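Have a look at final-v5.cif below; it lists mmCIF, C-alpha atoms and all ligand atoms.
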```
data_upload
#
loop_
_atom_site.label_atom_id
_atom_site.label_comp_id
_atom_site.auth_asym_id
_atom_site.auth_seq_id
_atom_site.Cartn_x
_atom_site.Cartn_y
_atom_site.Cartn_z
CA MET G 27 -82.92 -39.66 61.19
CA ASP G 28 -86.26 -38.16 60.32
CA ILE G 29 -87.52 -40.67 57.82
CA ALA G 30 -91.04 -39.27 57.68
CA GLU G 31 -89.55 -35.98 56.44
CA ASP G 32 -88.02 -37.74 53.46
CA LEU G 33 -91.27 -39.31 52.41
CA SER G 34 -93.51 -37.66 49.90
CA ASP G 35 -96.39 -38.87 47.76
CA GLU G 36 -93.95 -39.09 44.86
CA ASP G 37 -92.06 -41.85 46.67
CA PHE G 38 -95.00 -44.18 46.22
CA THR G 39 -96.78 -45.53 43.29
CA SER G 40 -100.49 -45.80 42.85
CA ASN G 41 -100.19 -49.27 44.37
CA PRO G 42 -102.30 -49.02 47.57
CA PHE G 43 -100.50 -52.03 49.07
CA HIS G 44 -97.17 -50.21 48.91
CA SER G 45 -98.60 -46.98 50.25
CA PHE G 46 -100.09 -48.90 53.16
CA LEU G 47 -96.84 -50.68 53.99
CA TYR G 48 -94.42 -47.81 53.54
CA THR G 49 -96.18 -44.72 54.90
CA ASN G 50 -97.37 -43.53 58.28
CA LEU G 51 -94.05 -43.96 60.02
CA PRO G 52 -93.70 -41.86 63.14
CA PRO G 53 -90.98 -39.17 62.88
CA ASN G 54 -87.47 -40.24 63.96
CA SER G 55 -88.34 -43.87 63.49
CA SER G 56 -85.41 -46.14 64.05
CA MET G 57 -84.93 -48.76 61.39
CA SER G 58 -83.66 -51.26 63.96
CA LEU G 59 -85.67 -54.44 63.98
CA SER G 60 -87.90 -55.31 66.92
CA ASP G 61 -87.39 -58.71 68.57
CA GLU G 62 -90.45 -59.93 66.65
CA ASP G 63 -88.94 -58.71 63.36
CA ILE G 64 -85.66 -60.50 64.12
CA TRP G 65 -87.57 -63.68 64.95
CA TYR G 66 -89.60 -63.34 61.72
CA CYS G 67 -86.45 -62.81 59.67
CA LYS G 68 -84.63 -65.72 61.28
CA GLN G 69 -87.59 -68.02 60.60
CA ASN G 70 -88.43 -66.86 57.10
CA GLY G 71 -85.08 -65.53 55.89
CA TYR G 72 -86.19 -62.12 54.64
CA TYR G 73 -87.13 -58.64 55.82
CA ARG G 74 -88.64 -55.67 53.99
CA ILE G 75 -87.49 -52.37 55.46
CA PRO G 76 -90.68 -50.41 56.13
CA ALA G 77 -89.40 -47.18 54.56
CA THR G 78 -88.05 -46.08 51.21
CA LEU G 79 -84.87 -44.26 50.21
CA PRO G 80 -85.22 -40.48 49.78
CA ASN G 81 -86.77 -39.70 46.42
CA ALA G 82 -83.91 -37.34 45.45
CA LEU G 83 -81.37 -40.13 45.93
CA VAL G 84 -83.42 -42.57 43.84
CA GLU G 85 -83.60 -39.94 41.09
CA ARG G 86 -79.80 -39.51 41.11
CA LEU G 87 -79.32 -43.29 41.03
CA ASN G 88 -81.59 -43.49 38.00
CA GLN G 89 -79.81 -40.62 36.22
CA VAL G 90 -76.40 -42.27 36.62
CA THR G 91 -77.86 -45.62 35.62
CA ASP G 92 -79.48 -44.09 32.51
CA HIS G 93 -76.06 -42.77 31.50
CA HIS G 94 -74.31 -46.11 31.99
CA ILE G 95 -77.04 -47.88 30.02
CA GLN G 96 -77.06 -45.37 27.16
CA THR G 97 -73.26 -45.43 26.85
CA MET G 98 -73.22 -49.22 27.35
CA ARG G 99 -70.49 -48.92 29.97
CA GLU G 100 -68.89 -52.31 30.62
CA PRO G 101 -68.81 -54.63 32.54
CA ILE G 102 -72.25 -55.69 31.37
CA LEU G 103 -74.19 -58.95 31.41
CA TRP G 104 -76.41 -59.12 28.34
CA GLU G 105 -79.82 -60.63 27.77
CA LYS G 106 -79.68 -63.73 25.57
CA THR G 107 -80.43 -61.66 22.48
CA LYS G 108 -78.13 -61.31 19.47
CA ALA G 109 -78.21 -57.50 19.47
CA ARG G 110 -75.99 -55.37 21.66
CA THR G 111 -77.99 -52.20 22.28
CA PRO G 112 -78.96 -50.46 25.54
CA ALA G 113 -82.26 -52.39 25.39
CA ASP G 114 -80.34 -55.69 25.65
CA ILE G 115 -78.59 -54.90 28.94
CA ARG G 116 -79.65 -57.36 31.60
CA ARG G 117 -77.20 -56.32 34.32
CA LEU G 118 -74.59 -53.65 35.01
CA SER G 119 -71.74 -55.26 36.97
CA LYS G 120 -69.31 -53.77 39.52
CA ILE G 121 -71.52 -50.82 40.38
CA LEU G 122 -69.58 -49.76 43.47
CA ALA G 123 -66.66 -48.76 41.26
CA ARG G 124 -68.84 -46.97 38.69
CA ASP G 125 -70.07 -43.90 40.57
CA PRO G 126 -70.08 -42.73 44.23
CA VAL G 127 -73.89 -42.51 44.21
CA TYR G 128 -74.10 -46.31 44.41
CA MET G 129 -71.95 -46.34 47.56
CA GLU G 130 -74.09 -43.52 48.96
CA ALA G 131 -77.14 -45.76 48.53
CA ALA G 132 -75.33 -48.81 49.95
CA THR G 133 -74.43 -46.96 53.16
CA GLN G 134 -77.77 -45.29 53.91
CA PRO G 135 -78.41 -45.42 57.68
CA LEU G 136 -81.83 -46.98 57.19
CA ILE G 137 -80.16 -49.99 55.53
CA LEU G 138 -77.27 -50.25 57.99
CA ASP G 139 -79.58 -49.82 61.01
CA ALA G 140 -81.63 -52.79 59.87
CA LEU G 141 -78.54 -54.85 59.06
CA GLU G 142 -77.03 -54.08 62.45
CA SER G 143 -79.99 -55.88 64.07
CA LEU G 144 -79.23 -58.94 61.94
CA LEU G 145 -75.43 -58.96 61.64
CA GLY G 146 -74.21 -57.10 64.72
CA PRO G 147 -72.38 -53.77 64.93
CA ASN G 148 -69.45 -54.46 62.57
CA ILE G 149 -70.62 -54.70 59.00
CA GLU G 150 -68.77 -55.18 55.73
CA LEU G 151 -69.95 -54.62 52.18
CA LEU G 152 -68.47 -57.11 49.72
CA THR G 153 -67.18 -56.04 46.32
CA ASN G 154 -66.62 -59.60 45.08
CA LYS G 155 -70.18 -60.79 45.59
CA HIS G 156 -73.28 -59.35 43.84
CA ASN G 157 -72.21 -55.69 43.42
CA HIS G 158 -74.47 -55.35 40.38
CA LEU G 159 -77.59 -53.64 39.14
CA MET G 160 -80.31 -55.68 37.49
CA VAL G 161 -81.78 -53.63 34.65
CA ARG G 162 -84.41 -56.20 33.66
CA PRO G 163 -85.45 -54.50 30.40
CA PRO G 164 -88.85 -55.18 28.82
CA GLY G 165 -88.98 -58.86 27.81
CA SER G 166 -86.08 -59.73 30.15
CA ALA G 167 -85.94 -63.49 30.70
CA ALA G 168 -86.60 -65.05 34.11
CA VAL G 169 -83.84 -65.33 36.70
CA PRO G 170 -83.75 -69.10 37.39
CA TRP G 171 -84.33 -70.39 40.90
CA HIS G 172 -81.08 -70.30 42.80
CA THR G 173 -79.47 -69.99 46.18
CA GLY G 174 -76.45 -67.79 46.76
CA GLU G 175 -74.32 -69.27 49.52
CA GLU G 176 -74.13 -72.95 50.38
CA ILE G 177 -76.25 -73.99 53.32
CA TYR G 178 -73.21 -74.41 55.59
CA ASP G 179 -71.76 -70.99 54.80
CA PRO G 180 -71.73 -68.18 57.33
CA VAL G 181 -74.59 -65.71 57.25
CA LEU G 182 -74.45 -63.21 54.47
CA PHE G 183 -77.30 -60.82 53.77
CA THR G 184 -78.28 -59.72 50.29
CA ALA G 185 -79.89 -56.30 49.90
CA LEU G 186 -82.03 -55.46 46.88
CA ILE G 187 -82.45 -51.70 46.50
CA TYR G 188 -85.21 -50.81 44.07
CA LEU G 189 -84.70 -47.94 41.62
CA GLU G 190 -88.05 -48.72 40.05
CA GLU G 191 -91.22 -50.35 41.27
CA SER G 192 -91.23 -54.12 41.11
CA THR G 193 -94.52 -55.89 40.45
CA ILE G 194 -95.84 -59.35 39.58
CA GLU G 195 -96.13 -58.20 35.94
CA ASN G 196 -92.53 -57.00 35.63
CA GLY G 197 -91.10 -60.09 37.30
CA CYS G 198 -90.68 -59.26 40.98
CA ILE G 199 -88.45 -61.47 43.08
CA ARG G 200 -89.98 -64.65 44.51
CA ILE G 201 -88.44 -66.20 47.60
CA VAL G 202 -88.99 -69.55 49.28
CA PRO G 203 -89.58 -68.63 52.93
CA GLY G 204 -87.51 -70.66 55.40
CA SER G 205 -85.40 -72.34 52.70
CA HIS G 206 -82.21 -70.92 54.30
CA GLN G 207 -82.82 -73.37 57.16
CA ARG G 208 -83.11 -76.49 55.01
CA PRO G 209 -81.19 -79.46 56.42
CA PHE G 210 -80.09 -80.55 52.92
CA ARG G 211 -77.99 -78.81 50.31
CA GLY G 212 -80.09 -79.04 47.15
CA ALA G 213 -78.83 -77.79 43.81
CA LYS G 214 -77.43 -74.28 43.64
CA ARG G 215 -79.44 -73.49 40.50
CA TYR G 216 -82.64 -74.85 38.96
CA PRO G 217 -82.58 -73.75 35.32
CA GLY G 218 -85.40 -74.49 32.89
CA GLU G 219 -88.94 -73.21 32.68
CA PHE G 220 -89.35 -70.89 35.67
CA ARG G 221 -92.95 -71.81 36.51
CA ALA G 222 -92.42 -75.55 36.03
CA GLN G 223 -90.08 -75.92 39.01
CA ALA G 224 -91.30 -77.19 42.38
CA LEU G 225 -89.80 -74.08 44.00
CA TYR G 226 -92.27 -71.90 42.08
CA HIS G 227 -95.15 -73.46 43.99
CA ARG G 228 -93.43 -73.00 47.34
CA ALA G 229 -92.45 -69.40 46.71
CA LEU G 230 -93.83 -66.06 47.77
CA PRO G 231 -93.75 -63.12 45.32
CA LEU G 232 -92.43 -59.92 46.91
CA PRO G 233 -93.49 -56.81 44.98
CA MET G 234 -91.52 -53.76 46.12
CA PRO G 235 -91.98 -50.00 45.75
CA ARG G 236 -89.52 -47.65 44.06
CA GLY G 237 -86.88 -46.85 46.69
CA GLY G 238 -87.79 -49.94 48.72
CA ILE G 239 -85.20 -52.26 50.27
CA LEU G 240 -85.46 -56.01 50.68
CA LEU G 241 -82.95 -57.89 52.83
CA PHE G 242 -82.64 -61.65 52.70
CA ASP G 243 -80.38 -64.41 53.93
CA ASP G 244 -78.34 -65.35 50.86
CA ARG G 245 -78.95 -69.07 51.45
CA LEU G 246 -82.64 -68.57 50.65
CA TYR G 247 -83.90 -70.00 47.34
CA HIS G 248 -85.06 -67.19 45.10
CA GLY G 249 -85.66 -66.28 41.48
CA SER G 250 -87.73 -63.91 39.40
CA ASP G 251 -90.10 -64.25 36.49
CA ALA G 252 -89.77 -62.69 33.03
CA ASN G 253 -90.53 -59.00 32.69
CA ARG G 254 -93.82 -58.96 30.75
CA THR G 255 -94.20 -55.17 30.67
CA ASP G 256 -92.80 -52.51 28.35
CA HIS G 257 -90.72 -50.87 31.08
CA SER G 258 -87.50 -51.88 32.84
CA ARG G 259 -87.36 -52.96 36.48
CA ARG G 260 -84.09 -51.80 38.03
CA SER G 261 -82.67 -52.92 41.35
CA MET G 262 -79.21 -52.92 42.91
CA THR G 263 -77.98 -56.17 44.46
CA LEU G 264 -75.43 -55.91 47.28
CA ALA G 265 -73.90 -58.33 49.79
CA TYR G 266 -73.20 -57.58 53.46
CA ARG G 267 -71.68 -59.73 56.14
CA ALA G 268 -70.68 -59.46 59.76
CA HIS G 269 -67.02 -58.78 60.26
CA ASP G 270 -66.18 -62.25 61.52
CA ALA G 271 -64.74 -62.36 65.02
CA HIS G 272 -62.31 -65.03 63.84
CA ASP G 273 -61.41 -63.45 60.54
CA VAL G 274 -57.78 -62.54 61.11
CA PHE G 275 -57.24 -61.09 57.63
CA LYS G 276 -58.20 -57.53 58.49
CA ASP G 277 -57.24 -55.65 55.35
CA ASP G 278 -59.00 -57.60 52.62
CA PRO G 279 -59.56 -55.01 49.87
CA GLU G 280 -62.66 -56.89 48.70
CA LYS G 281 -64.45 -56.04 51.95
CA ILE G 282 -65.39 -52.46 52.74
CA LEU G 283 -66.14 -51.71 56.38
CA VAL G 284 -69.37 -49.68 56.30
CA ARG G 285 -70.22 -49.65 60.00
CA GLY G 286 -68.38 -50.35 63.24
CA GLU G 287 -64.80 -51.47 63.47
CA ARG G 288 -62.45 -54.29 62.58
CA ILE G 289 -61.96 -55.95 65.92
CA TYR G 290 -60.31 -59.22 66.75
CA THR G 291 -62.09 -61.11 69.50
CA GLY G 292 -60.33 -64.44 69.04
CA HIS G 293 -58.52 -66.34 71.74
CA PRO G 294 -55.11 -64.85 72.66
CA HIS G 295 -52.16 -67.27 72.48
CA SER G 296 -50.19 -65.97 75.43
CA LEU G 297 -50.97 -64.27 78.68
CA ALA G 298 -49.05 -61.23 77.45
CA GLU G 299 -51.59 -60.76 74.65
CA LYS G 300 -54.50 -60.94 77.05
O1 LIG O 1 -84.47 -59.32 41.32
C1 LIG O 1 -84.19 -60.20 40.54
O2 LIG O 1 -84.66 -60.24 39.40
C2 LIG O 1 -83.25 -61.31 40.95
C3 LIG O 1 -82.20 -60.78 41.86
C4 LIG O 1 -81.06 -61.69 41.98
O3 LIG O 1 -81.19 -62.88 42.17
C5 LIG O 1 -79.73 -61.12 41.85
O4 LIG O 1 -79.61 -59.91 41.62
O5 LIG O 1 -78.73 -61.87 42.00
#
```

Any chance you could put this one into structure tokens?
Amino acid sequence: MDIAEDLSDEDFTSNPFHSFLYTNLPPNSSMSLSDEDIWYCKQNGYYRIPATLPNALVERLNQVTDHHIQTMREPILWEKTKARTPADIRRLSKILARDPVYMEAATQPLILDALESLLGPNIELLTNKHNHLMVRPPGSAAVPWHTGEEIYDPVLFTALIYLEESTIENGCIRIVPGSHQRPFRGAKRYPGEFRAQALYHRALPLPMPRGGILLFDDRLYHGSDANRTDHSRRSMTLAYRAHDAHDVFKDDPEKILVRGERIYTGHPHSLAEK
């Protein structure tokens, strides 16, 4: 894939940090992680793909999203406001069933290449986990500190795909590096004043460019601050997991195989099965 070809100045904002991080890729760059990247991700629990989605795809995603917001297409999670207008939409749920463009984004090779380095060659996209689009309208309240999966659960990676730039001012995600490796469970959610929680002081804000993709281990503590700007901050949230070698239920309709195959590598019960 020629990623450099897909990049144009329009893909980036005026933010020099983003331009520095997401440009200057050699042509035909592979999005596979280096050994150092894999080590970094295992230690810290997150990885920012150093490229953005093609601008044309991000535009189509935004057009479809505009339509679903304007027509208030359910299922929707609302901000804690009394009104029910497009400006009160916090989250569009079940995006994979809404329009094929969301699946097109979810299966982009640059995302699956990176995930393959982390999850192995057989990858499933879950429809019963995440599968939503955070709209984060102006004034949108903070997303409280939380962890997705329990600490003992098998590895599941969350992907945030940004349809709009995410900044400190509009409430970018904050993650607690390494918290996926904690030896204790901790609460699943820490509601209350976002900045008053201990996790706020341990966290790292991760601003992202439009079209950017953040992957993180779902056991990581994360949250995001209120949107203090007059513009929305849209991002898709998706869940991927490795097709488990010991998962014998091959045809679960909630799991969509997006790369590789459904293989069974468990222990055979008779010599004939060997
Ligand atoms: O990006 C955010 O505001 C929070 C994302 C998140 O935790 C989610 O989508 O479940």

Please, which residues in chain G fall within 8 Å of ligand LIG 1 (chain O) when counting only C-alpha atoms and all ligand atoms, and what is the closest atom pair and distance in Å to one decimal for each, ordered by chain then residue number, as JSON lines?
```
{"residue": "G:His156", "atom": "CA", "partner": "O:LIG1", "partner_atom": "O5", "distance": 6.3}
{"residue": "G:His158", "atom": "CA", "partner": "O:LIG1", "partner_atom": "O4", "distance": 7.0}
{"residue": "G:Leu159", "atom": "CA", "partner": "O:LIG1", "partner_atom": "O4", "distance": 7.0}
{"residue": "G:Met160", "atom": "CA", "partner": "O:LIG1", "partner_atom": "O4", "distance": 6.0}
{"residue": "G:Arg162", "atom": "CA", "partner": "O:LIG1", "partner_atom": "O2", "distance": 7.0}
{"residue": "G:Ala168", "atom": "CA", "partner": "O:LIG1", "partner_atom": "O2", "distance": 7.4}
{"residue": "G:Val169", "atom": "CA", "partner": "O:LIG1", "partner_atom": "O2", "distance": 5.8}
{"residue": "G:His172", "atom": "CA", "partner": "O:LIG1", "partner_atom": "O3", "distance": 7.4}
{"residue": "G:Gly174", "atom": "CA", "partner": "O:LIG1", "partner_atom": "O5", "distance": 7.9}
{"residue": "G:Leu186", "atom": "CA", "partner": "O:LIG1", "partner_atom": "O1", "distance": 7.2}
{"residue": "G:Gly197", "atom": "CA", "partner": "O:LIG1", "partner_atom": "O2", "distance": 6.8}
{"residue": "G:Cys198", "atom": "CA", "partner": "O:LIG1", "partner_atom": "O1", "distance": 6.2}
{"residue": "G:Ile199", "atom": "CA", "partner": "O:LIG1", "partner_atom": "O1", "distance": 4.9}
{"residue": "G:His248", "atom": "CA", "partner": "O:LIG1", "partner_atom": "O3", "distance": 6.5}
{"residue": "G:Gly249", "atom": "CA", "partner": "O:LIG1", "partner_atom": "C2", "distance": 5.5}
{"residue": "G:Ser250", "atom": "CA", "partner": "O:LIG1", "partner_atom": "O2", "distance": 4.8}
{"residue": "G:Asp251", "atom": "CA", "partner": "O:LIG1", "partner_atom": "O2", "distance": 7.4}
{"residue": "G:Ser261", "atom": "CA", "partner": "O:LIG1", "partner_atom": "O1", "distance": 6.6}
{"residue": "G:Met262", "atom": "CA", "partner": "O:LIG1", "partner_atom": "O4", "distance": 7.1}
{"residue": "G:Thr263", "atom": "CA", "partner": "O:LIG1", "partner_atom": "O4", "distance": 5.0}
```

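With all atoms listed in the file as the atoms that count, the residue of G:Ser166, G:Thr153, G:Gln207, G:Ser192 with the shortest distance to G:Leu122 is G:Thr153.
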
Residues within 8 Å of G:Leu230, please, as a PyMOL selection string. Count all atoms listed in the file; anything in the same chain fewer than 4 positions from it doesn't count. chain G and resi 200-203

Dump C-alpha atoms for the selected residues as a PDB file, in the coordinates of the input?
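Output file part32.pdb is given in full below:
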```pdb
ATOM      1  CA  ARG G 200     -89.980 -64.650  44.510  1.00  0.00           C
ATOM      2  CA  ILE G 201     -88.440 -66.200  47.600  1.00  0.00           C
ATOM      3  CA  VAL G 202     -88.990 -69.550  49.280  1.00  0.00           C
ATOM      4  CA  PRO G 203     -89.580 -68.630  52.930  1.00  0.00           C
TER       5      PRO G 203
END
```

Excluding same-chain residues fewer than 2 positions from G:Val161, what lies within 7 Å of it counting only C-alpha atoms, as a PyMOL selection string? chain G and resi 115-117+159+163+258-261

With all atoms listed in the file as the atoms that count, which of G:Pro135, G:Pro147, G:Pro164, G:Pro217 lies nearest to G:Pro80?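 The closest residue to G:Pro80 is G:Pro135.
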
Selection: 12 Å around G:Arg124, all atoms listed in the file, excl. self and same-chain fewer than 6 positions, as a ChimeraX atom specification: /G:87,90-91,93-95,99-102,118,153,157-159

Quick one: pull the distance between atom CA of G:Ala213 and atom CA of G:Asn154, Å, one decimal.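 The value is 21.9 Å.
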
Around the point (-88.8, -66.8, 56.4) (coordinates from the file), which residues reach within 8 Å if we count all atoms listed in the file? Answer as a PDB file with C-alpha atoms, keeping the file's coordinate frame.
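result.pdb, freshly written:
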```pdb
ATOM      1  CA  TYR G  66     -89.600 -63.340  61.720  1.00  0.00           C
ATOM      2  CA  CYS G  67     -86.450 -62.810  59.670  1.00  0.00           C
ATOM      3  CA  LYS G  68     -84.630 -65.720  61.280  1.00  0.00           C
ATOM      4  CA  GLN G  69     -87.590 -68.020  60.600  1.00  0.00           C
ATOM      5  CA  ASN G  70     -88.430 -66.860  57.100  1.00  0.00           C
ATOM      6  CA  GLY G  71     -85.080 -65.530  55.890  1.00  0.00           C
ATOM      7  CA  TYR G  72     -86.190 -62.120  54.640  1.00  0.00           C
ATOM      8  CA  VAL G 202     -88.990 -69.550  49.280  1.00  0.00           C
ATOM      9  CA  PRO G 203     -89.580 -68.630  52.930  1.00  0.00           C
ATOM     10  CA  GLY G 204     -87.510 -70.660  55.400  1.00  0.00           C
ATOM     11  CA  SER G 205     -85.400 -72.340  52.700  1.00  0.00           C
TER      12      SER G 205
END
```

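Separating atom CA of G:Glu176 from atom CA of G:Phe242 is a distance of 14.3 Å.
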
Please return as a PDB file with C-alpha atoms, keeping the file's coordinate frame every residue within 10 Å of (-67.5, -62.3, 57.8), taking into account all atoms listed in the file and the file's own coordinates.
```
ATOM      1  CA  LEU G 145     -75.430 -58.960  61.640  1.00  0.00           C
ATOM      2  CA  ASN G 148     -69.450 -54.460  62.570  1.00  0.00           C
ATOM      3  CA  ILE G 149     -70.620 -54.700  59.000  1.00  0.00           C
ATOM      4  CA  GLU G 150     -68.770 -55.180  55.730  1.00  0.00           C
ATOM      5  CA  LEU G 151     -69.950 -54.620  52.180  1.00  0.00           C
ATOM      6  CA  LEU G 152     -68.470 -57.110  49.720  1.00  0.00           C
ATOM      7  CA  PRO G 180     -71.730 -68.180  57.330  1.00  0.00           C
ATOM      8  CA  VAL G 181     -74.590 -65.710  57.250  1.00  0.00           C
ATOM      9  CA  LEU G 182     -74.450 -63.210  54.470  1.00  0.00           C
ATOM     10  CA  TYR G 266     -73.200 -57.580  53.460  1.00  0.00           C
ATOM     11  CA  ARG G 267     -71.680 -59.730  56.140  1.00  0.00           C
ATOM     12  CA  ALA G 268     -70.680 -59.460  59.760  1.00  0.00           C
ATOM     13  CA  HIS G 269     -67.020 -58.780  60.260  1.00  0.00           C
ATOM     14  CA  ASP G 270     -66.180 -62.250  61.520  1.00  0.00           C
ATOM     15  CA  ALA G 271     -64.740 -62.360  65.020  1.00  0.00           C
ATOM     16  CA  HIS G 272     -62.310 -65.030  63.840  1.00  0.00           C
ATOM     17  CA  ASP G 273     -61.410 -63.450  60.540  1.00  0.00           C
ATOM     18  CA  LYS G 281     -64.450 -56.040  51.950  1.00  0.00           C
TER      19      LYS G 281
END
```

Give the answer as one residue: which of G:Ser58, G:Asn196, G:Asn253, G:Ser119 has the shortest atom-to-atom distance to G:Glu142, using only C-alpha atoms?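 Nearest candidate to G:Glu142 out of G:Ser58, G:Asn196, G:Asn253, G:Ser119: G:Ser58.
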
Here is a test: counting all atoms listed in the file, which residue of G:Lys106, G:Lys214, G:His257, G:Arg221 is nearest to G:Thr173?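 The shortest atom-to-atom distance to G:Thr173 comes from G:Lys214.
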
Kindly give the distance, in Å, that separates atom CA of G:Val284 and atom CA of G:Met129, rounded to a single decimal.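 These atoms are spaced 9.7 Å apart.
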